[in-house]
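Listing of data08.cif, mmCIF, C-alpha atoms
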```cif
data_target
loop_
_atom_site.label_atom_id
_atom_site.label_comp_id
_atom_site.auth_asym_id
_atom_site.auth_seq_id
_atom_site.Cartn_x
_atom_site.Cartn_y
_atom_site.Cartn_z
CA MET N 216 98.73 107.98 87.20
CA GLU N 217 96.86 107.15 90.36
CA ASP N 218 98.25 108.85 93.45
CA LEU N 219 97.85 107.31 96.85
CA PRO N 220 94.80 109.09 98.32
CA SER N 221 93.76 109.58 101.90
CA MET N 222 91.00 107.42 103.31
CA SER N 223 88.75 110.49 103.26
CA VAL N 224 89.09 110.60 99.47
CA LEU N 225 87.98 106.98 99.33
CA ALA N 226 85.01 107.81 101.50
CA GLN N 227 84.08 110.75 99.26
CA GLU N 228 84.22 108.55 96.16
CA ALA N 229 82.12 105.83 97.77
CA ARG N 230 79.64 108.47 98.91
CA GLY N 231 79.40 109.71 95.35
CA ARG N 232 78.67 106.22 94.08
CA THR N 233 76.12 105.30 96.73
CA GLY N 234 74.48 108.64 97.33
CA ARG N 235 74.85 107.94 101.03
CA THR N 236 76.42 109.82 103.90
CA ALA N 237 80.12 109.85 104.71
CA PRO N 238 79.76 107.51 107.74
CA LEU N 239 78.27 104.82 105.50
CA ALA N 240 81.08 105.34 103.01
CA TRP N 241 83.59 104.79 105.78
CA LEU N 242 81.59 101.73 106.80
CA LEU N 243 82.17 100.23 103.35
CA VAL N 244 85.93 100.54 103.78
CA LEU N 245 85.77 99.09 107.30
CA GLY N 246 83.51 96.26 106.13
CA ILE N 247 85.89 95.30 103.33
CA VAL N 248 88.90 95.34 105.67
CA LEU N 249 87.23 93.21 108.34
CA ALA N 250 85.84 90.74 105.80
CA ALA N 251 89.26 90.37 104.17
CA LEU N 252 90.87 89.62 107.54
CA ASN N 253 88.64 86.54 107.77
CA LEU N 254 88.91 85.01 104.31
CA ARG N 255 91.89 82.74 105.09
CA THR N 256 91.52 82.08 108.84
CA ALA N 257 89.66 78.80 108.21
CA VAL N 258 92.63 77.65 106.12
CA THR N 259 95.73 78.83 107.95
CA SER N 260 94.52 78.11 111.49
CA VAL N 261 94.41 74.36 110.71
CA GLY N 262 97.90 73.86 109.28
CA PRO N 263 99.89 74.45 112.50
CA LEU N 264 97.70 71.93 114.37
CA LEU N 265 97.25 69.38 111.58
CA ASP N 266 99.11 66.50 113.24
CA GLN N 267 97.39 67.12 116.56
CA LEU N 268 93.97 67.29 114.89
CA ALA N 269 94.56 64.08 112.97
CA GLY N 270 95.41 62.28 116.20
CA ALA N 271 92.57 63.72 118.26
CA LEU N 272 89.93 63.09 115.59
CA GLY N 273 91.26 59.74 114.43
CA MET N 274 91.61 61.18 110.94
CA SER N 275 93.21 58.91 108.34
CA SER N 276 95.80 60.06 105.84
CA VAL N 277 93.02 60.20 103.26
CA GLY N 278 91.02 62.49 105.54
CA THR N 279 94.06 64.68 106.14
CA GLY N 280 94.67 64.90 102.41
CA LEU N 281 91.04 65.85 101.83
CA LEU N 282 91.25 68.53 104.53
CA THR N 283 94.25 70.15 102.84
CA THR N 284 92.53 69.96 99.43
CA LEU N 285 89.20 71.41 100.59
CA PRO N 286 90.27 75.07 100.19
CA VAL N 287 90.97 74.61 96.48
CA LEU N 288 87.71 72.71 95.92
CA ALA N 289 85.66 75.30 97.83
CA PHE N 290 87.32 78.33 96.26
CA ALA N 291 86.83 76.90 92.76
CA GLY N 292 83.36 75.40 93.15
CA VAL N 293 81.54 77.91 95.34
CA GLY N 294 83.35 80.84 93.77
CA ALA N 295 81.92 79.90 90.37
CA ILE N 296 78.30 80.34 91.49
CA THR N 297 78.85 83.52 93.53
CA PRO N 298 77.76 86.01 90.80
CA THR N 299 74.46 84.15 90.39
CA LEU N 300 73.90 84.20 94.14
CA ALA N 301 74.75 87.91 94.27
CA ARG N 302 72.16 88.74 91.59
CA ARG N 303 69.48 86.89 93.51
CA ILE N 304 70.35 87.90 97.06
CA GLY N 305 72.25 91.17 96.73
CA GLU N 306 75.95 91.79 97.20
CA HIS N 307 75.83 93.21 100.73
CA ARG N 308 73.39 90.57 101.93
CA LEU N 309 75.44 87.79 100.37
CA LEU N 310 78.70 88.95 101.96
CA LEU N 311 76.94 89.11 105.35
CA LEU N 312 75.63 85.59 104.78
CA ALA N 313 79.12 84.45 103.75
CA LEU N 314 80.65 85.79 106.97
CA VAL N 315 77.94 84.14 109.06
CA THR N 316 78.54 80.88 107.20
CA LEU N 317 82.28 81.19 107.70
CA GLY N 318 81.94 81.85 111.41
CA THR N 319 79.38 79.08 111.91
CA GLY N 320 81.56 76.52 110.15
CA ILE N 321 84.59 77.50 112.22
CA LEU N 322 82.60 77.36 115.46
CA VAL N 323 81.02 73.97 114.73
CA ARG N 324 84.30 72.31 113.80
CA SER N 325 85.92 73.64 116.98
CA LEU N 326 83.29 71.86 119.09
CA VAL N 327 83.22 68.42 117.50
CA GLY N 328 85.25 65.26 118.02
CA SER N 329 84.30 63.51 114.78
CA ALA N 330 86.49 63.58 111.68
CA PRO N 331 83.57 63.53 109.18
CA VAL N 332 81.78 66.39 110.96
CA PHE N 333 85.06 68.32 111.17
CA LEU N 334 85.54 67.95 107.42
CA LEU N 335 81.94 68.92 106.67
CA SER N 336 82.02 72.00 108.89
CA SER N 337 85.38 72.97 107.40
CA ALA N 338 83.77 72.81 103.94
CA VAL N 339 80.98 75.08 105.20
CA ALA N 340 83.48 77.61 106.57
CA LEU N 341 85.55 77.55 103.39
CA SER N 342 82.42 78.12 101.30
CA GLY N 343 81.91 81.40 103.11
CA GLY N 344 85.49 82.39 102.35
CA ALA N 345 85.05 81.43 98.70
CA VAL N 346 82.09 83.78 98.34
CA GLY N 347 84.12 86.60 99.87
CA ASN N 348 86.99 85.96 97.44
CA VAL N 349 84.74 86.76 94.50
CA LEU N 350 82.52 89.41 96.07
CA ILE N 351 85.11 91.80 97.45
CA PRO N 352 86.73 92.66 94.08
CA THR N 353 83.18 93.23 92.78
CA LEU N 354 82.34 95.56 95.68
CA ILE N 355 85.58 97.47 95.12
CA LYS N 356 84.69 97.94 91.45
CA ARG N 357 81.14 99.02 92.29
CA HIS N 358 81.87 101.44 95.11
CA PHE N 359 85.42 102.63 94.24
CA PRO N 360 85.69 102.38 90.44
CA GLY N 361 88.28 105.15 90.20
CA ARG N 362 90.39 103.82 93.06
CA THR N 363 90.76 100.16 92.22
CA GLY N 364 94.47 100.22 92.99
CA ILE N 365 94.36 101.72 96.47
CA MET N 366 91.34 99.66 97.50
CA THR N 367 93.01 96.50 96.23
CA THR N 368 95.99 97.50 98.37
CA VAL N 369 93.70 97.85 101.38
CA TYR N 370 92.03 94.53 100.59
CA THR N 371 95.15 92.45 99.92
CA THR N 372 96.97 93.91 102.92
CA ALA N 373 94.09 92.95 105.22
CA LEU N 374 93.94 89.52 103.56
CA ALA N 375 97.67 88.97 104.12
CA ALA N 376 97.42 90.19 107.71
CA GLY N 377 94.56 87.80 108.47
CA THR N 378 96.42 84.94 106.83
CA MET N 379 99.54 85.54 108.90
CA LEU N 380 97.60 86.20 112.12
CA ALA N 381 95.76 82.87 112.02
CA ALA N 382 98.93 80.97 111.10
CA ALA N 383 101.05 82.63 113.78
CA ALA N 384 98.59 82.89 116.68
CA THR N 385 96.80 79.52 116.62
CA VAL N 386 99.59 77.53 118.29
CA PRO N 387 100.24 80.11 121.06
CA ILE N 388 96.50 80.19 121.76
CA GLU N 389 96.43 76.40 121.92
CA ARG N 390 99.40 76.34 124.32
CA ALA N 391 97.94 79.04 126.54
CA SER N 392 94.53 77.40 126.72
CA GLY N 393 95.69 73.80 126.55
CA ASP N 394 92.84 73.03 124.15
CA TRP N 395 92.88 72.92 120.35
CA HIS N 396 89.10 73.45 120.34
CA ILE N 397 89.59 76.96 121.73
CA ALA N 398 92.51 77.69 119.39
CA LEU N 399 90.33 76.97 116.35
CA GLY N 400 87.07 78.38 117.71
CA VAL N 401 88.44 81.82 118.53
CA TRP N 402 88.45 82.72 114.82
CA ALA N 403 84.65 82.48 114.77
CA ALA N 404 84.61 85.56 116.99
CA LEU N 405 86.60 87.50 114.39
CA ALA N 406 84.03 86.54 111.76
CA ALA N 407 81.23 87.76 114.05
CA VAL N 408 82.95 91.13 114.41
CA ALA N 409 83.37 91.36 110.61
CA ALA N 410 79.64 90.79 110.13
CA ILE N 411 78.68 93.92 112.13
CA PRO N 412 79.42 96.54 109.43
CA TRP N 413 77.53 94.50 106.84
CA LEU N 414 74.48 94.38 109.10
CA ALA N 415 74.52 98.17 109.02
CA LEU N 416 75.13 98.18 105.25
CA LEU N 417 72.07 96.07 104.46
CA ARG N 418 70.03 99.27 104.09
CA SER N 419 72.45 100.53 101.41
CA GLU N 420 72.24 97.42 99.22
CA PRO N 421 73.08 98.42 95.61
CA GLU N 422 70.37 98.05 93.01
CA ARG N 423 70.69 94.66 91.36
CA ASP N 424 70.69 94.16 87.62
CA THR N 425 68.90 90.83 87.35
CA GLY N 426 69.23 90.78 83.57
CA ARG N 427 72.15 89.46 81.57
CA ARG N 428 74.47 92.43 81.62
CA ASP N 429 77.33 90.44 83.07
CA ALA N 430 79.40 88.00 81.07
CA GLY N 431 77.95 84.53 81.02
CA ILE N 432 80.12 81.46 81.36
CA SER N 433 79.84 80.72 77.64
CA THR N 434 81.15 84.20 76.85
CA LEU N 435 84.05 83.84 79.25
CA LEU N 436 84.97 80.42 77.91
CA ARG N 437 85.42 82.06 74.49
CA SER N 438 87.31 85.04 75.89
CA LYS N 439 91.07 85.04 75.45
CA LEU N 440 91.42 87.79 78.04
CA ALA N 441 89.39 85.84 80.62
CA TRP N 442 91.57 82.77 80.10
CA MET N 443 94.79 84.80 80.33
CA VAL N 444 93.63 86.34 83.62
CA ALA N 445 92.58 82.90 84.91
CA VAL N 446 95.87 81.23 84.00
CA TYR N 447 97.85 84.16 85.42
CA PHE N 448 95.88 83.82 88.65
CA GLY N 449 96.41 80.05 88.60
CA THR N 450 100.17 80.24 88.12
CA GLN N 451 100.68 82.67 90.98
CA SER N 452 98.47 80.55 93.26
CA MET N 453 100.31 77.38 92.25
CA ILE N 454 103.65 78.89 93.20
CA ALA N 455 102.20 80.11 96.50
CA TYR N 456 100.77 76.68 97.37
CA ILE N 457 104.06 74.98 96.47
CA MET N 458 106.09 77.39 98.56
CA PHE N 459 103.84 77.31 101.62
CA GLY N 460 103.56 73.54 101.41
CA TRP N 461 107.16 72.58 100.59
CA LEU N 462 109.54 75.44 101.47
CA ALA N 463 110.21 74.08 104.97
CA THR N 464 111.09 70.66 103.53
CA ILE N 465 113.36 72.23 100.92
CA LEU N 466 115.20 74.10 103.67
CA THR N 467 115.57 71.11 106.00
CA ASP N 468 116.90 69.04 103.11
CA GLY N 469 119.45 71.82 102.62
CA GLY N 470 120.72 71.47 106.17
CA TYR N 471 118.51 73.81 108.19
CA THR N 472 116.94 72.64 111.43
CA SER N 473 113.16 72.53 111.70
CA SER N 474 113.14 75.65 113.88
CA GLN N 475 115.36 77.55 111.43
CA ALA N 476 113.19 76.48 108.51
CA GLY N 477 110.10 77.56 110.44
CA LEU N 478 111.65 80.98 111.10
CA ILE N 479 112.45 81.50 107.41
CA LEU N 480 108.94 80.37 106.48
CA GLY N 481 107.57 82.87 109.00
CA VAL N 482 109.59 85.68 107.44
CA PHE N 483 108.41 84.58 104.00
CA THR N 484 104.78 84.72 105.17
CA ALA N 485 105.21 88.07 106.95
CA LEU N 486 106.68 89.67 103.80
CA ASN N 487 103.29 89.21 102.13
CA ILE N 488 102.04 92.25 104.04
CA PRO N 489 104.50 94.90 102.75
CA VAL N 490 104.44 93.30 99.29
CA SER N 491 100.62 93.51 99.29
CA ILE N 492 100.92 97.22 100.06
CA LEU N 493 103.62 98.08 97.54
CA VAL N 494 102.67 96.12 94.42
CA PRO N 495 99.09 97.42 93.91
CA THR N 496 100.22 100.94 94.79
CA ILE N 497 102.89 100.82 92.10
CA ALA N 498 100.77 98.96 89.52
CA ALA N 499 97.86 101.39 89.91
CA ARG N 500 100.06 104.23 88.71
CA PHE N 501 100.01 102.82 85.19
CA ARG N 502 97.25 101.93 82.76
CA ASP N 503 99.46 99.11 81.49
CA GLN N 504 100.66 96.62 84.12
CA ARG N 505 103.04 94.66 81.88
CA PRO N 506 106.22 96.22 83.33
CA VAL N 507 105.08 95.10 86.80
CA VAL N 508 104.41 91.59 85.47
CA VAL N 509 107.94 91.41 84.07
CA GLY N 510 109.50 92.81 87.24
CA LEU N 511 107.78 90.25 89.46
CA VAL N 512 108.83 87.38 87.17
CA VAL N 513 112.44 88.61 87.41
CA PHE N 514 112.24 88.51 91.21
CA TYR N 515 110.86 84.98 91.03
CA ALA N 516 113.61 83.86 88.66
CA ILE N 517 116.41 85.31 90.81
CA GLY N 518 114.94 83.75 93.94
CA PHE N 519 114.49 80.28 92.50
CA LEU N 520 117.91 80.30 90.84
CA GLY N 521 119.46 81.23 94.19
CA LEU N 522 117.60 78.50 96.07
CA TRP N 523 118.57 75.98 93.39
CA PHE N 524 122.25 76.76 92.85
CA ALA N 525 123.56 79.06 95.61
CA ALA N 526 124.91 77.95 98.97
CA ALA N 527 122.19 76.72 101.31
CA SER N 528 123.36 79.18 103.97
CA THR N 529 122.12 82.09 101.81
CA ALA N 530 118.57 80.76 101.51
CA MET N 531 117.05 83.70 103.41
CA VAL N 532 118.23 86.11 100.69
CA TRP N 533 116.61 84.11 97.91
CA VAL N 534 113.41 83.56 99.87
CA VAL N 535 113.04 87.35 100.07
CA PHE N 536 113.25 87.57 96.27
CA VAL N 537 110.56 84.88 95.92
CA ALA N 538 108.38 86.71 98.45
CA VAL N 539 108.56 89.87 96.36
CA GLY N 540 107.69 87.84 93.27
CA MET N 541 104.55 86.72 95.07
CA GLY N 542 103.29 90.25 94.59
CA SER N 543 101.72 88.62 91.53
CA PHE N 544 98.81 87.70 93.83
CA PRO N 545 97.62 91.26 94.56
CA LEU N 546 98.39 92.12 90.94
CA ALA N 547 96.14 89.29 89.74
CA LEU N 548 93.35 90.55 92.01
CA MET N 549 93.81 94.06 90.63
CA MET N 550 93.40 92.78 87.08
CA LEU N 551 89.90 91.53 87.88
CA GLY N 552 88.79 95.13 88.27
CA LEU N 553 91.16 96.84 85.86
CA ARG N 554 90.24 94.63 82.90
CA THR N 555 86.47 95.23 83.22
CA ARG N 556 84.25 98.29 82.92
CA THR N 557 81.34 97.34 85.19
CA ALA N 558 80.87 95.68 88.56
CA GLU N 559 78.77 92.95 86.88
CA SER N 560 81.60 92.03 84.54
CA THR N 561 84.07 92.21 87.42
CA ALA N 562 81.92 89.68 89.30
CA ALA N 563 81.88 87.35 86.31
CA LEU N 564 85.62 87.64 85.65
CA SER N 565 86.39 87.28 89.36
CA ALA N 566 84.35 84.07 89.58
CA PHE N 567 85.77 82.61 86.38
CA GLY N 568 89.37 83.68 86.96
CA GLN N 569 89.54 82.52 90.56
CA SER N 570 87.63 79.26 90.02
CA ALA N 571 89.73 78.18 87.05
CA GLY N 572 92.87 79.56 88.68
CA TYR N 573 92.44 77.66 91.94
CA LEU N 574 91.80 74.43 90.02
CA ILE N 575 95.05 74.97 88.15
CA ALA N 576 96.88 75.82 91.36
CA GLY N 577 95.65 72.78 93.27
CA ALA N 578 97.66 70.45 91.06
CA GLY N 579 100.96 72.09 92.03
CA PRO N 580 101.60 70.75 95.57
CA LEU N 581 100.37 67.28 94.60
CA LEU N 582 102.69 67.18 91.59
CA VAL N 583 105.64 68.32 93.70
CA GLY N 584 104.84 65.58 96.21
CA VAL N 585 104.91 62.96 93.46
CA ILE N 586 108.17 64.33 92.04
CA TYR N 587 109.82 64.41 95.46
CA GLN N 588 108.73 60.86 96.25
CA MET N 589 110.07 59.62 92.93
CA THR N 590 113.38 61.49 92.89
CA GLY N 591 114.14 62.42 96.49
CA GLY N 592 115.50 65.75 95.22
CA TRP N 593 114.38 69.18 94.06
CA GLU N 594 115.84 69.59 90.58
CA LEU N 595 112.61 68.66 88.77
CA THR N 596 110.60 70.81 91.17
CA TYR N 597 112.72 73.86 90.31
CA ALA N 598 112.36 73.03 86.62
CA LEU N 599 108.59 72.90 87.16
CA LEU N 600 108.65 76.27 88.92
CA PHE N 601 110.53 77.86 86.03
CA GLY N 602 108.01 76.40 83.61
CA VAL N 603 105.23 77.95 85.68
CA ILE N 604 106.81 81.40 85.73
CA VAL N 605 107.31 81.28 81.95
CA VAL N 606 103.57 80.65 81.58
CA GLN N 607 102.94 83.42 84.11
CA LEU N 608 105.06 85.82 82.07
CA PHE N 609 103.25 85.20 78.78
CA THR N 610 99.75 85.26 80.27
CA GLY N 611 100.60 88.30 82.37
CA LEU N 612 101.89 90.20 79.33
CA TYR N 613 98.50 89.68 77.68
CA ALA N 614 96.36 90.29 80.77
CA GLY N 615 98.40 93.28 81.91
CA ARG N 616 97.81 95.31 78.77
CA ASP N 617 95.32 98.19 78.95
CA ARG N 618 92.21 96.47 77.57
CA TYR N 619 88.71 95.49 78.71
CA LEU N 620 86.74 92.27 78.74
CA GLU N 621 83.66 94.04 77.36
CA ASP N 622 85.58 95.21 74.28
CA GLU N 623 86.37 91.74 72.99
CA ARG N 624 84.43 90.32 70.09
CA ALA N 625 81.00 88.74 70.67
CA PRO N 626 80.07 90.95 73.66
CA ALA N 627 76.33 90.59 73.13
CA THR N 628 75.65 88.80 76.40
CA MET N 629 77.33 91.62 78.29
CA THR N 630 75.50 94.53 76.66
CA ARG N 631 71.96 93.39 76.03
#
```
Rewrite the structure of this file - the entire thing - as structure tokens.
Amino acid sequence: MEDLPSMSVLAQEARGRTGRTAPLAWLLVLGIVLAALNLRTAVTSVGPLLDQLAGALGMSSVGTGLLTTLPVLAFAGVGAITPTLARRIGEHRLLLLALVTLGTGILVRSLVGSAPVFLLSSAVALSGGAVGNVLIPTLIKRHFPGRTGIMTTVYTTALAAGTMLAAAATVPIERASGDWHIALGVWAALAAVAAIPWLALLRSEPERDTGRRDAGISTLLRSKLAWMVAVYFGTQSMIAYIMFGWLATILTDGGYTSSQAGLILGVFTALNIPVSILVPTIAARFRDQRPVVVGLVVFYAIGFLGLWFAAASTAMVWVVFVAVGMGSFPLALMMLGLRTRTAESTAALSAFGQSAGYLIAGAGPLLVGVIYQMTGGWELTYALLFGVIVVQLFTGLYAGRDRYLEDERAPATMTR
């Protein structure tokens, strides 16, 4: 079992892997934390100001719909080519470039008054985040192969904190400054800060294997394990997108005021931080993560049953259960490293699993919107959610077993 180590232990392990000094090993941890804080700021800083942005930019409903769909398109499309870019550029250099791209996109969109330019610069910013999504699990596998669990905890906790920070602070910044341009642009400064450690880490760029030691797309398409990881990732992301997009509406339809629904949604979002700490820490103690998969599905089931059938006044209780179930997100990220033996294979599985997973997930909120428009109720949506968690259970039971991508049949492209 993997005990929770001190940060000095992490630094010692990274130093052993890189052959570098302890300060540079600490810099790796700091760089991962700061990068993770930025990966969702381009997404969650827009939501609270969406109506205001649409009015100020003259953005049509089509443009607004495209803006809310861009994260899925960027995470799936750009994420798929990240391993190829990493082989050509280098992992440290590419993450630095991704952070610069992220910050530049955020800054440009905060300065413009044109809807098309806003959408284009948003796509640029999201592309930087997409690269980071794939690269950071790879860097964890490369530099901390024996501490995948604790470093995934560090990563997902920072990711959750950055997500909540941008969502919670953007409106207060806008009110204090009186300008939405400032409220959006401030997140470019956070990206600039995150780039500093990676500037220092350029000199410790890992040696690149430019051959074909990682799994090619054709290999992954034939891999049952890769598909199980991808679908597991997709189901947890679909539930997350549905909940973040529709929970407030579900609550207001149940009799809550908008402010009460917003408070519950805020609690739901904030719970991602402790859940991101606890789930990887627990899961890393076992070689087989199937019990954790089952436990999280049980939390989901209890939460959704409560929201569906219990009194509306008890919604907060059931939302907490759903929030714990969303620990499937850090668990899915852990599996990218735990189910592979090498950093190259982690990069390939990370790109494939996240790209396919985000494409699967993107259909969820749109489907719920269609169902709600047709029925005006939530019964079919809850039925859909239970169908999703059944798929999550079966794929998670396969992906959570102690096995490795490289050990599947036809591994020639990974070992040549």
Name the residues that the PyMOL selection byres ((chain N and resi 472-476) around 12) pulls out of this structure, and write them as a list in words.
Phe459, Trp461, Leu462, Ala463, Thr464, Ile465, Leu466, Thr467, Asp468, Gly469, Gly470, Tyr471, Gly477, Leu478, Ile479, Leu480, Gly481, Val482, Phe483, Ala527, Ser528, Ala530, Met531 and Val534 of chain N
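Summary of the local environment: counting all atoms listed in the file, residues at most 9 Å from region 369-371 of chain N, other than itself and those fewer than 6 positions away along its chain, are N:Val244, N:Ile247, N:Val248, N:Ala250, N:Ala251, N:Leu252, N:Ile351, N:Pro352, N:Ile355, N:Ile488, N:Ser491, N:Ile492, N:Pro495, N:Phe544, N:Pro545, N:Leu548.
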Store the residues of this selection in a file with C-alpha atoms, as a PDB file, in the coordinates of the input.
```pdb
ATOM      1  CA  VAL N 244      85.930 100.540 103.780  1.00  0.00           C
ATOM      2  CA  ILE N 247      85.890  95.300 103.330  1.00  0.00           C
ATOM      3  CA  VAL N 248      88.900  95.340 105.670  1.00  0.00           C
ATOM      4  CA  ALA N 250      85.840  90.740 105.800  1.00  0.00           C
ATOM      5  CA  ALA N 251      89.260  90.370 104.170  1.00  0.00           C
ATOM      6  CA  LEU N 252      90.870  89.620 107.540  1.00  0.00           C
ATOM      7  CA  ILE N 351      85.110  91.800  97.450  1.00  0.00           C
ATOM      8  CA  PRO N 352      86.730  92.660  94.080  1.00  0.00           C
ATOM      9  CA  ILE N 355      85.580  97.470  95.120  1.00  0.00           C
ATOM     10  CA  ILE N 488     102.040  92.250 104.040  1.00  0.00           C
ATOM     11  CA  SER N 491     100.620  93.510  99.290  1.00  0.00           C
ATOM     12  CA  ILE N 492     100.920  97.220 100.060  1.00  0.00           C
ATOM     13  CA  PRO N 495      99.090  97.420  93.910  1.00  0.00           C
ATOM     14  CA  PHE N 544      98.810  87.700  93.830  1.00  0.00           C
ATOM     15  CA  PRO N 545      97.620  91.260  94.560  1.00  0.00           C
ATOM     16  CA  LEU N 548      93.350  90.550  92.010  1.00  0.00           C
TER      17      LEU N 548
END
```
Please determine, counting all atoms listed in the file, which residue among N:Tyr447, N:Phe609, N:Phe501, N:Trp413 has the shortest atom-to-atom distance to Gly568 (chain N).
N:Tyr447
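Nearest residue to Ser452 (chain N) among N:Leu612, N:Leu486, N:Leu553, N:Leu600 is N:Leu600, counting all atoms listed in the file.
The protein and nucleic acid residues lying at most 8 Å from Val512 (chain N) are Gly540, Ile604, Gln607 and Leu608 of chain N, with all atoms listed in the file considered and sequence neighbours fewer than 5 positions away removed.
Among N:Ser342, N:Thr353, N:Ser392, N:Thr450, the residue with the shortest atom-to-atom distance to Phe290 (chain N), counting only C-alpha atoms, is N:Ser342.
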Pick from N:Met453, N:Ala538, N:Ala485, N:Val444 nearest to Ala375 (chain N), counting only C-alpha atoms:
N:Ala485
By how many Å are CA of Met549 (chain N) and CA of Gln504 (chain N) apart?
9.8 Å
Given the PyMOL selection byres ((chain N and resi 573) around 7) and the file above, list the residues it selects as number ranges by chain.
N: 287, 290-291, 449, 452, 569-572, 574-577
Write to file, as a CSV table (one decimal), in the coordinates of the input, the residues of the selection just made, with C-alpha atoms.
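What landed in part_0.csv:
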```csv
chain,number,residue,atom,x,y,z
N,287,VAL,CA,91.0,74.6,96.5
N,290,PHE,CA,87.3,78.3,96.3
N,291,ALA,CA,86.8,76.9,92.8
N,449,GLY,CA,96.4,80.0,88.6
N,452,SER,CA,98.5,80.6,93.3
N,569,GLN,CA,89.5,82.5,90.6
N,570,SER,CA,87.6,79.3,90.0
N,571,ALA,CA,89.7,78.2,87.0
N,572,GLY,CA,92.9,79.6,88.7
N,574,LEU,CA,91.8,74.4,90.0
N,575,ILE,CA,95.0,75.0,88.2
N,576,ALA,CA,96.9,75.8,91.4
N,577,GLY,CA,95.6,72.8,93.3
```
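Remark: for Thr279 (chain N), the closest of the candidate residues N:Leu314, N:Leu265, N:Ala598, N:Ala410 is N:Leu265 (distances computed over only C-alpha atoms).
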